[in-house]
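One file, run-v3.cif, carrying mmCIF, C-alpha atoms and all ligand atoms:
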data_start
#
loop_
_atom_site.label_atom_id
_atom_site.label_comp_id
_atom_site.auth_asym_id
_atom_site.auth_seq_id
_atom_site.Cartn_x
_atom_site.Cartn_y
_atom_site.Cartn_z
CA MET Q 464 0.00 0.00 0.00
CA GLY Q 465 1.28 3.47 -0.74
CA TYR Q 466 0.84 6.60 -2.84
CA LEU Q 467 2.69 8.86 -5.25
CA GLN Q 468 3.94 12.25 -4.15
CA ASN Q 469 5.40 14.42 -6.92
CA GLY Q 470 5.97 11.23 -8.88
CA GLU Q 471 7.83 9.51 -6.02
CA TRP Q 472 6.49 6.37 -4.35
CA ASN Q 473 5.75 6.50 -0.59
CA THR Q 474 4.59 3.54 1.42
CA GLY Q 475 1.77 4.37 3.78
CA TRP Q 476 -1.85 3.66 4.59
CA TYR Q 477 -4.81 6.04 4.56
CA ASP Q 478 -4.99 8.51 7.44
CA THR Q 479 -7.61 7.01 9.77
CA SER Q 480 -6.41 8.84 12.88
CA ASP Q 481 -9.94 10.01 13.73
CA GLY Q 482 -11.11 6.40 13.51
CA SER Q 483 -12.90 6.73 10.18
CA PHE Q 484 -11.99 6.10 6.53
CA ASP Q 485 -12.55 8.87 3.96
CA ARG Q 486 -12.19 7.87 0.31
CA PRO Q 487 -10.03 10.37 -1.62
CA GLU Q 488 -11.17 12.14 -4.79
CA THR Q 489 -10.23 10.65 -8.14
CA ALA Q 490 -7.50 12.32 -10.24
CA PHE Q 491 -8.27 11.67 -13.94
CA ARG Q 492 -11.78 12.64 -14.99
CA ASN Q 493 -11.77 12.80 -18.81
CA TRP Q 494 -14.36 11.06 -20.98
CA VAL Q 495 -14.35 8.93 -24.10
CA THR Q 496 -17.12 10.31 -26.30
CA VAL Q 497 -18.37 9.22 -29.70
CA ASP Q 498 -16.76 12.21 -31.49
CA GLY Q 499 -14.01 13.14 -29.02
CA SER Q 500 -15.82 16.21 -27.71
CA PRO Q 501 -15.26 16.86 -24.00
CA GLY Q 502 -17.50 15.04 -21.53
CA PRO Q 503 -18.98 16.44 -18.32
CA SER Q 504 -15.48 16.89 -16.81
CA GLY Q 505 -11.85 17.01 -17.89
CA GLU Q 506 -10.70 17.64 -21.47
CA GLY Q 507 -11.76 16.35 -24.89
CA GLY Q 508 -9.72 14.48 -27.48
CA PHE Q 509 -10.69 10.92 -26.55
CA PRO Q 510 -12.92 9.71 -29.41
CA ALA Q 511 -14.37 6.20 -29.37
CA GLU Q 512 -12.16 3.86 -31.44
CA SER Q 513 -11.87 0.11 -31.41
CA GLY Q 514 -8.45 -1.02 -30.15
CA ARG Q 515 -7.40 2.41 -28.82
CA TYR Q 516 -8.25 2.04 -25.12
CA HIS Q 517 -7.08 -0.41 -22.48
CA LEU Q 518 -8.34 -1.20 -18.98
CA TYR Q 519 -6.03 -1.84 -16.04
CA VAL Q 520 -7.97 -3.76 -13.39
CA SER Q 521 -7.76 -5.92 -10.33
CA LEU Q 522 -10.16 -8.86 -10.32
CA ALA Q 523 -10.41 -8.36 -6.55
CA CYS Q 524 -11.60 -4.78 -6.71
CA PRO Q 525 -15.33 -4.04 -6.78
CA TRP Q 526 -14.80 -0.69 -8.55
CA ALA Q 527 -12.72 -2.23 -11.33
CA HIS Q 528 -15.18 -5.11 -11.52
CA ARG Q 529 -17.93 -2.70 -12.57
CA ALA Q 530 -15.93 -1.78 -15.66
CA LEU Q 531 -15.21 -5.42 -16.57
CA ILE Q 532 -18.91 -6.29 -16.39
CA VAL Q 533 -20.07 -3.37 -18.52
CA ARG Q 534 -17.29 -4.12 -21.05
CA ALA Q 535 -18.61 -7.69 -21.28
CA LEU Q 536 -22.30 -6.78 -21.49
CA LYS Q 537 -21.67 -4.12 -24.14
CA GLY Q 538 -19.75 -6.52 -26.38
CA LEU Q 539 -16.55 -4.47 -26.04
CA ALA Q 540 -14.19 -7.33 -25.16
CA GLY Q 541 -12.68 -7.30 -28.66
CA ASP Q 542 -12.33 -3.49 -28.66
CA ILE Q 543 -10.84 -2.74 -25.24
CA GLY Q 544 -7.96 -4.89 -23.94
CA VAL Q 545 -7.43 -5.67 -20.26
CA SER Q 546 -4.38 -6.07 -18.03
CA VAL Q 547 -4.95 -7.67 -14.63
CA VAL Q 548 -2.74 -6.88 -11.61
CA HIS Q 549 -1.68 -9.42 -8.97
CA PRO Q 550 -4.24 -9.66 -6.13
CA HIS Q 551 -1.75 -8.94 -3.35
CA MET Q 552 -1.34 -5.20 -2.82
CA LEU Q 553 1.58 -4.67 -0.44
CA ASP Q 554 4.37 -2.06 -0.09
CA GLU Q 555 4.76 -1.63 -3.84
CA GLY Q 556 1.02 -1.09 -4.34
CA TRP Q 557 -0.58 -2.96 -7.23
CA THR Q 558 2.00 -4.93 -9.19
CA PHE Q 559 2.17 -6.61 -12.58
CA ASP Q 560 3.56 -9.82 -11.08
CA ASP Q 561 1.84 -12.41 -13.27
CA SER Q 562 2.70 -15.47 -11.20
CA ARG Q 563 -0.86 -16.06 -10.01
CA ASP Q 564 -3.54 -17.52 -12.28
CA GLY Q 565 -5.62 -14.72 -13.76
CA ALA Q 566 -2.92 -12.01 -13.34
CA THR Q 567 -1.67 -10.99 -16.80
CA GLY Q 568 1.18 -8.56 -16.22
CA ASP Q 569 1.21 -5.21 -18.08
CA LYS Q 570 0.20 -6.24 -21.58
CA LEU Q 571 1.06 -2.87 -23.13
CA TYR Q 572 4.49 -1.92 -21.79
CA GLY Q 573 5.68 -4.77 -19.57
CA LEU Q 574 6.10 -2.37 -16.62
CA PRO Q 575 6.51 -3.83 -13.10
CA PHE Q 576 4.05 -1.68 -11.12
CA LEU Q 577 0.71 0.02 -11.72
CA ARG Q 578 2.24 3.22 -10.34
CA ASP Q 579 4.49 3.26 -13.44
CA ILE Q 580 1.35 3.67 -15.56
CA TYR Q 581 0.35 6.67 -13.44
CA THR Q 582 3.77 8.33 -13.73
CA LYS Q 583 3.83 7.58 -17.46
CA ALA Q 584 0.62 9.64 -17.70
CA LYS Q 585 1.93 12.42 -15.43
CA SER Q 586 5.51 12.27 -14.22
CA ASP Q 587 5.01 14.52 -11.16
CA ILE Q 588 1.68 13.09 -10.09
CA THR Q 589 0.53 13.17 -6.47
CA GLY Q 590 -2.22 10.77 -5.43
CA ARG Q 591 -3.21 7.19 -4.84
CA VAL Q 592 -2.64 4.51 -7.43
CA THR Q 593 -6.01 2.86 -7.88
CA VAL Q 594 -7.79 0.53 -10.26
CA PRO Q 595 -9.61 0.71 -12.58
CA VAL Q 596 -7.61 2.81 -15.06
CA LEU Q 597 -8.89 3.52 -18.56
CA TRP Q 598 -5.76 4.08 -20.64
CA ASP Q 599 -5.46 5.74 -24.06
CA LYS Q 600 -2.78 3.93 -26.08
CA LYS Q 601 -2.62 6.71 -28.67
CA ARG Q 602 -2.03 9.66 -26.33
CA GLU Q 603 -0.33 7.41 -23.76
CA THR Q 604 -2.28 8.82 -20.88
CA ILE Q 605 -5.04 8.00 -18.43
CA VAL Q 606 -8.49 8.95 -19.64
CA SER Q 607 -10.16 8.20 -16.31
CA ASN Q 608 -9.62 6.33 -13.09
CA GLU Q 609 -13.14 6.84 -11.80
CA SER Q 610 -15.20 3.67 -12.18
CA ALA Q 611 -18.57 5.42 -11.83
CA GLU Q 612 -17.71 7.45 -14.94
CA ILE Q 613 -15.87 4.70 -16.85
CA ILE Q 614 -19.02 2.56 -16.82
CA VAL Q 615 -21.11 5.42 -18.21
CA MET Q 616 -18.52 5.84 -21.01
CA LEU Q 617 -18.50 2.13 -21.78
CA ASN Q 618 -22.29 2.17 -21.94
CA SER Q 619 -22.76 5.22 -24.14
CA GLY Q 620 -19.39 6.64 -25.30
CA PHE Q 621 -18.75 3.76 -27.71
CA ASP Q 622 -21.94 4.03 -29.78
CA GLY Q 623 -21.36 2.44 -33.16
CA ILE Q 624 -18.75 0.07 -31.69
CA ALA Q 625 -20.57 -1.31 -28.66
CA SER Q 626 -23.62 -3.55 -28.78
CA GLY Q 627 -25.79 -5.00 -26.02
CA PRO Q 628 -28.40 -3.47 -23.75
CA GLU Q 629 -28.85 0.21 -22.86
CA LEU Q 630 -27.79 0.23 -19.22
CA ASN Q 631 -28.33 3.93 -18.55
CA PRO Q 632 -31.79 4.58 -20.02
CA GLU Q 633 -32.98 8.17 -19.94
CA ASP Q 634 -36.44 7.29 -18.62
CA LEU Q 635 -34.97 5.57 -15.55
CA SER Q 636 -32.27 8.17 -14.86
CA SER Q 637 -33.86 9.65 -11.75
CA GLU Q 638 -34.45 6.19 -10.25
CA ILE Q 639 -30.89 5.13 -11.09
CA GLU Q 640 -29.60 8.23 -9.32
CA ARG Q 641 -31.86 7.68 -6.31
CA VAL Q 642 -30.68 4.06 -5.97
CA ASN Q 643 -27.00 4.95 -6.44
CA ASP Q 644 -27.27 7.71 -3.85
CA ARG Q 645 -28.29 5.08 -1.31
CA VAL Q 646 -26.24 2.07 -2.51
CA TYR Q 647 -22.90 3.90 -2.77
CA PRO Q 648 -22.67 5.25 0.79
CA GLY Q 649 -24.71 2.38 2.24
CA ILE Q 650 -22.89 -0.64 0.87
CA ASN Q 651 -20.33 0.08 -1.92
CA ASN Q 652 -18.33 2.43 0.27
CA GLY Q 653 -20.14 1.47 3.48
CA VAL Q 654 -18.43 -1.92 3.77
CA TYR Q 655 -15.04 -0.16 3.50
CA LYS Q 656 -16.05 2.36 6.15
CA ALA Q 657 -16.93 -0.53 8.46
CA GLY Q 658 -13.83 -2.56 7.59
CA PHE Q 659 -11.26 0.23 7.72
CA ALA Q 660 -12.63 1.91 10.87
CA THR Q 661 -10.11 2.02 13.70
CA LYS Q 662 -12.58 3.04 16.40
CA GLN Q 663 -15.77 1.39 17.66
CA GLU Q 664 -18.17 4.23 16.96
CA PRO Q 665 -17.45 4.82 13.26
CA TYR Q 666 -17.37 1.05 12.74
CA GLU Q 667 -20.81 0.55 14.30
CA LYS Q 668 -22.31 3.48 12.44
CA ALA Q 669 -21.07 2.15 9.09
CA ALA Q 670 -21.93 -1.50 9.77
CA LYS Q 671 -25.49 -0.59 10.82
CA GLU Q 672 -25.86 1.50 7.67
CA VAL Q 673 -24.70 -1.49 5.58
CA PHE Q 674 -27.54 -3.62 6.93
CA ALA Q 675 -30.14 -0.82 6.78
CA THR Q 676 -29.25 -0.51 3.10
CA LEU Q 677 -29.39 -4.26 2.43
CA ASP Q 678 -32.81 -4.38 4.18
CA TRP Q 679 -34.00 -1.51 1.97
CA MET Q 680 -32.74 -3.25 -1.18
CA GLU Q 681 -34.40 -6.51 -0.12
CA GLU Q 682 -37.76 -4.72 0.16
CA LEU Q 683 -37.28 -2.84 -3.10
CA LEU Q 684 -36.68 -6.12 -4.91
CA ALA Q 685 -40.01 -7.44 -3.61
CA GLU Q 686 -41.69 -4.67 -5.63
CA ARG Q 687 -39.59 -4.57 -8.80
CA ARG Q 688 -37.35 -6.95 -10.66
CA TYR Q 689 -34.28 -4.66 -10.74
CA LEU Q 690 -33.17 -1.85 -8.46
CA ALA Q 691 -34.23 1.01 -10.74
CA GLY Q 692 -37.30 -0.64 -12.27
CA ASP Q 693 -38.25 -3.32 -14.76
CA ARG Q 694 -34.92 -3.33 -16.65
CA PRO Q 695 -31.32 -3.90 -15.59
CA THR Q 696 -29.25 -0.73 -15.36
CA LEU Q 697 -25.83 0.44 -14.20
CA ALA Q 698 -27.35 0.67 -10.70
CA ASP Q 699 -27.58 -3.14 -10.66
CA ILE Q 700 -23.97 -3.57 -11.80
CA ARG Q 701 -22.82 -1.17 -9.08
CA ALA Q 702 -24.73 -3.10 -6.42
CA PHE Q 703 -23.69 -6.51 -7.72
CA THR Q 704 -19.93 -6.06 -7.32
CA THR Q 705 -20.41 -5.45 -3.60
CA LEU Q 706 -22.99 -8.24 -3.18
CA VAL Q 707 -20.80 -10.85 -4.87
CA ARG Q 708 -17.97 -10.13 -2.39
CA PHE Q 709 -20.23 -9.92 0.65
CA ASP Q 710 -20.17 -13.38 2.20
CA ALA Q 711 -16.62 -14.16 1.07
CA VAL Q 712 -14.97 -10.98 2.35
CA TYR Q 713 -17.11 -8.25 3.87
CA HIS Q 714 -18.99 -10.50 6.29
CA GLY Q 715 -15.83 -11.67 8.05
CA HIS Q 716 -12.85 -9.49 7.10
CA PHE Q 717 -14.80 -6.19 7.22
CA LYS Q 718 -16.97 -7.28 10.20
CA CYS Q 719 -20.28 -6.76 8.38
CA ASN Q 720 -21.59 -9.84 10.09
CA ARG Q 721 -25.14 -9.19 11.17
CA ARG Q 722 -26.37 -11.27 8.24
CA LYS Q 723 -25.02 -12.97 5.14
CA LEU Q 724 -26.18 -12.25 1.61
CA ILE Q 725 -27.65 -15.76 1.41
CA GLU Q 726 -30.00 -14.88 4.29
CA TYR Q 727 -31.76 -12.28 2.11
CA PRO Q 728 -34.04 -14.28 -0.24
CA ASN Q 729 -34.67 -11.52 -2.80
CA LEU Q 730 -31.15 -10.13 -2.84
CA TRP Q 731 -29.52 -13.54 -3.02
CA ALA Q 732 -31.67 -14.65 -5.98
CA TYR Q 733 -31.13 -11.26 -7.66
CA ALA Q 734 -27.36 -11.45 -7.23
CA ARG Q 735 -27.33 -15.00 -8.62
CA GLU Q 736 -29.32 -13.89 -11.64
CA ILE Q 737 -26.77 -11.19 -12.44
CA TYR Q 738 -23.90 -13.64 -11.89
CA GLN Q 739 -25.55 -15.95 -14.42
CA TRP Q 740 -26.08 -13.33 -17.17
CA PRO Q 741 -23.96 -14.19 -20.20
CA GLY Q 742 -20.39 -12.98 -19.66
CA VAL Q 743 -20.74 -11.91 -16.02
CA GLY Q 744 -19.70 -15.09 -14.19
CA GLU Q 745 -16.43 -15.03 -16.15
CA THR Q 746 -15.56 -11.66 -14.61
CA VAL Q 747 -15.83 -13.02 -11.05
CA ASN Q 748 -12.61 -14.48 -9.63
CA PHE Q 749 -13.10 -15.57 -6.01
CA ASP Q 750 -9.44 -16.54 -5.64
CA HIS Q 751 -8.31 -12.95 -6.39
CA ILE Q 752 -11.12 -11.52 -4.24
CA VAL Q 753 -10.43 -13.61 -1.13
CA GLN Q 754 -6.63 -13.39 -1.50
CA HIS Q 755 -6.53 -9.65 -2.01
CA TYR Q 756 -8.43 -8.52 1.04
CA HIS Q 757 -7.08 -10.99 3.56
CA TYR Q 758 -3.49 -10.79 2.36
CA SER Q 759 -3.19 -7.07 1.65
CA HIS Q 760 -4.77 -5.46 4.72
CA ASP Q 761 -2.26 -6.44 7.35
CA MET Q 762 -3.61 -3.86 9.81
CA ILE Q 763 -6.85 -5.88 9.83
CA ASN Q 764 -5.38 -9.36 9.37
CA PRO Q 765 -1.70 -9.22 10.43
CA ASN Q 766 -1.05 -12.95 10.12
CA ARG Q 767 -2.42 -13.04 6.59
CA ILE Q 768 -4.44 -16.16 7.22
CA VAL Q 769 -6.74 -16.51 4.23
CA PRO Q 770 -10.03 -18.11 5.33
CA ILE Q 771 -11.42 -21.12 3.55
CA GLY Q 772 -14.54 -19.18 2.69
CA PRO Q 773 -18.25 -19.88 2.43
CA ALA Q 774 -19.69 -22.45 0.06
CA ASP Q 775 -22.34 -20.20 -1.52
CA ASP Q 776 -23.61 -21.78 -4.74
CA TRP Q 777 -23.63 -18.99 -7.32
CA SER Q 778 -24.78 -21.30 -10.09
CA ALA Q 779 -27.93 -22.50 -8.27
CA ASP Q 780 -31.20 -21.79 -10.07
CA HIS Q 781 -32.34 -18.27 -9.16
CA GLY Q 782 -35.97 -18.88 -10.09
CA ARG Q 783 -36.41 -15.37 -11.57
CA GLY Q 784 -37.05 -16.37 -15.15
CA ALA Q 785 -35.03 -15.88 -18.32
CA ALA Q 786 -32.09 -13.49 -18.58
CA PRO Q 787 -33.18 -10.05 -19.84
CA PHE Q 788 -30.61 -10.23 -22.67
N1 LIG K 1 -13.15 6.11 -6.85
C1 LIG K 1 -12.38 5.02 -7.38
C2 LIG K 1 -11.90 4.10 -6.28
C3 LIG K 1 -11.09 2.96 -6.77
C4 LIG K 1 -10.34 2.25 -5.63
O1 LIG K 1 -10.31 2.73 -4.48
N2 LIG K 1 -9.72 1.10 -5.92
C5 LIG K 1 -8.96 0.38 -4.91
C6 LIG K 1 -9.04 -1.11 -5.08
S1 LIG K 1 -10.57 -1.79 -4.63
C7 LIG K 1 -7.49 0.71 -5.05
O2 LIG K 1 -6.94 0.61 -6.14
N3 LIG K 1 -6.84 1.10 -3.95
C8 LIG K 1 -5.46 1.38 -3.91
C9 LIG K 1 -5.14 2.54 -3.02
O3 LIG K 1 -6.06 3.18 -2.50
O4 LIG K 1 -3.96 2.83 -2.84
C10 LIG K 1 -13.24 4.29 -8.39
O5 LIG K 1 -14.41 3.99 -8.09
O6 LIG K 1 -12.75 4.02 -9.48
#
Have the structure of the file written as structure tokens, please.
Amino acid sequence: MGYLQNGEWNTGWYDTSDGSFDRPETAFRNWVTVDGSPGPSGEGGFPAESGRYHLYVSLACPWAHRALIVRALKGLAGDIGVSVVHPHMLDEGWTFDDSRDGATGDKLYGLPFLRDIYTKAKSDITGRVTVPVLWDKKRETIVSNESAEIIVMLNSGFDGIASGPELNPEDLSSEIERVNDRVYPGINNGVYKAGFATKQEPYEKAAKEVFATLDWMEELLAERRYLAGDRPTLADIRAFTTLVRFDAVYHGHFKCNRRKLIEYPNLWAYAREIYQWPGVGETVNFDHIVQHYHYSHDMINPNRIVPIGPADDWSADHGRGAAPF
């Protein structure tokens, strides 16, 4: 674990001296658009082109996982390449060690560390070195390292190249926003707030919020098939990457242990359905997920014992009918 300061690597963990974890802002906020015009933030000059962009991901990371799922659902696997880091994130940060199954090394430049991709984009950069990264091979720079925006680009910035379902439909936009505004603080970031807390009070506040949010989602799914309505949207992808890690990692390692995902009938069937959509199961790597968290966070798990894990059956029939696409 560490961060870049003026392009130099420093080892160090987040400042949690007040007992709570605050997620830092993201550095690169440009957008791929159909014609290269600027998006809602950053600068323009990143037009959609097959073969031009590359994703750097960890298969352990829920934020990177969002991008991998949308890439798969939008039929972009042949247009956007992927490099996968090693699941252990220690003093060097994310590395391109390819010795573990599923880790690919840096397919573009053969660099040793993900931080080298950040300094290649900006030699004097200050900030954390996070996944996912959407890289532009032509301009040799980072387009974006904000997953919430990368998935919107993959859904709609590649029109004419992408196929597959519309995951950000205009008519559901206010519901998508309403759901995201609850799911992000409640569970996506909420599990981290519980897990990284170093004092009792912030831990309890976050953990209770996790379960209040899961209870709310469980009830919502009794009324509608997907979180924002009758069709799957980016809100479901954003929820799924937390749900799929829940029993394996967040329940134990992050102390979100009031209930397991499999104890919520609607949520568990819903999560299994998404897992079983064409292309999604292939993006889930439980070995990287379980290894990463238990091995990398030595302030939570100093002996690096990796638990044997639950035996949740993700391929069991979900009973919710045919896949929507
Ligand atoms: N806001 C970012 C957060 C990404 C993020 O925090 N990724 C984690 C892995 S799950 C990471 O790379 N952490 C490394 C670090 O913080 O140094 C996004 O959603 O893309």
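All residues of protein, DNA or RNA that reach within 6 Å of range 705-722 of chain Q, judged by all atoms listed in the file and not counting those fewer than 3 positions away in the chain, are Asn651, Gly658, Ala670, Ala702 and Gly772 of chain Q.
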* Please extract the residues at most 7 Å from ligand LIG 1 (chain K), counting all atoms listed in the file, and provide them as a PyMOL selection string, using the chain letters and residue numbers of this document. => chain Q and resi 464-466+488-489+523-527+556+591-595+608-611
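Using all atoms listed in the file, the smallest distance between any of Q:Pro787, Q:Gly649, Q:Pro501, Q:Pro770 and Glu629 in chain Q comes from Q:Pro787.
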* **Q:Ile700, Q:Lys662, Q:Tyr655, Q:Leu553 ranked by distance to Arg767 in chain Q, top pick (using only C-alpha atoms)** => Q:Leu553
* To one decimal place, how far is CA of Gly482 in chain Q from CA of Thr661 in chain Q in Å? -> 4.5 Å
* Work out how far CA of Pro628 in chain Q is from CA of Thr496 in chain Q, in Å to one decimal. => 18.0 Å
* Structure fact -> Shortest contact to Leu724 in chain Q, candidates Q:Pro773, Q:Gly744, Q:Pro575, Q:Gly692, atoms counted only C-alpha atoms, goes to Q:Pro773
* Measure the distance from CA of Tyr758 in chain Q to CA of Asn652 in chain Q in Å and round it to one decimal. => 20.0 Å
* **Top pick for closest residue to Glu603 in chain Q, considering Q:His549, Q:Asp554, Q:His517, Q:Gln663 and counting all atoms listed in the file** => Q:His517
* To do: Give me the residues within 8 Å of Asn729 in chain Q as a PyMOL selection string, counting all atoms listed in the file and dropping any in the same chain fewer than 5 places off.
  => chain Q and resi 681+684-685
* For Gly573 in chain Q, which residue out of Q:Ser607, Q:Asn766, Q:Ser504, Q:Thr558 is the nearest one, using all atoms listed in the file? -> Q:Thr558
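Nearest residue to Trp740 in chain Q among Q:Ser637, Q:Ser778, Q:Asn631, Q:Ser513 is Q:Ser778, counting only C-alpha atoms.
Near (-3.7, 6.8, -23.8), the residues inside the 9 Å limit, counting all atoms listed in the file, come to Phe509, Arg515, Tyr516, His517, Ala584, Leu597, Trp598, Asp599, Lys600, Lys601, Arg602, Glu603, Thr604, Ile605 and Val606 of chain Q.
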Go ahead and dump the residues you just picked, C-alpha atoms, as a compact mmCIF listing (two decimals), keeping the file's coordinate frame.
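Contents of the output file result02.txt:
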# COMPACT_ATOMS: atom_id res chain seq x y z
CA PHE Q 509 -10.69 10.92 -26.55
CA ARG Q 515 -7.40 2.41 -28.82
CA TYR Q 516 -8.25 2.04 -25.12
CA HIS Q 517 -7.08 -0.41 -22.48
CA ALA Q 584 0.62 9.64 -17.70
CA LEU Q 597 -8.89 3.52 -18.56
CA TRP Q 598 -5.76 4.08 -20.64
CA ASP Q 599 -5.46 5.74 -24.06
CA LYS Q 600 -2.78 3.93 -26.08
CA LYS Q 601 -2.62 6.71 -28.67
CA ARG Q 602 -2.03 9.66 -26.33
CA GLU Q 603 -0.33 7.41 -23.76
CA THR Q 604 -2.28 8.82 -20.88
CA ILE Q 605 -5.04 8.00 -18.43
CA VAL Q 606 -8.49 8.95 -19.64
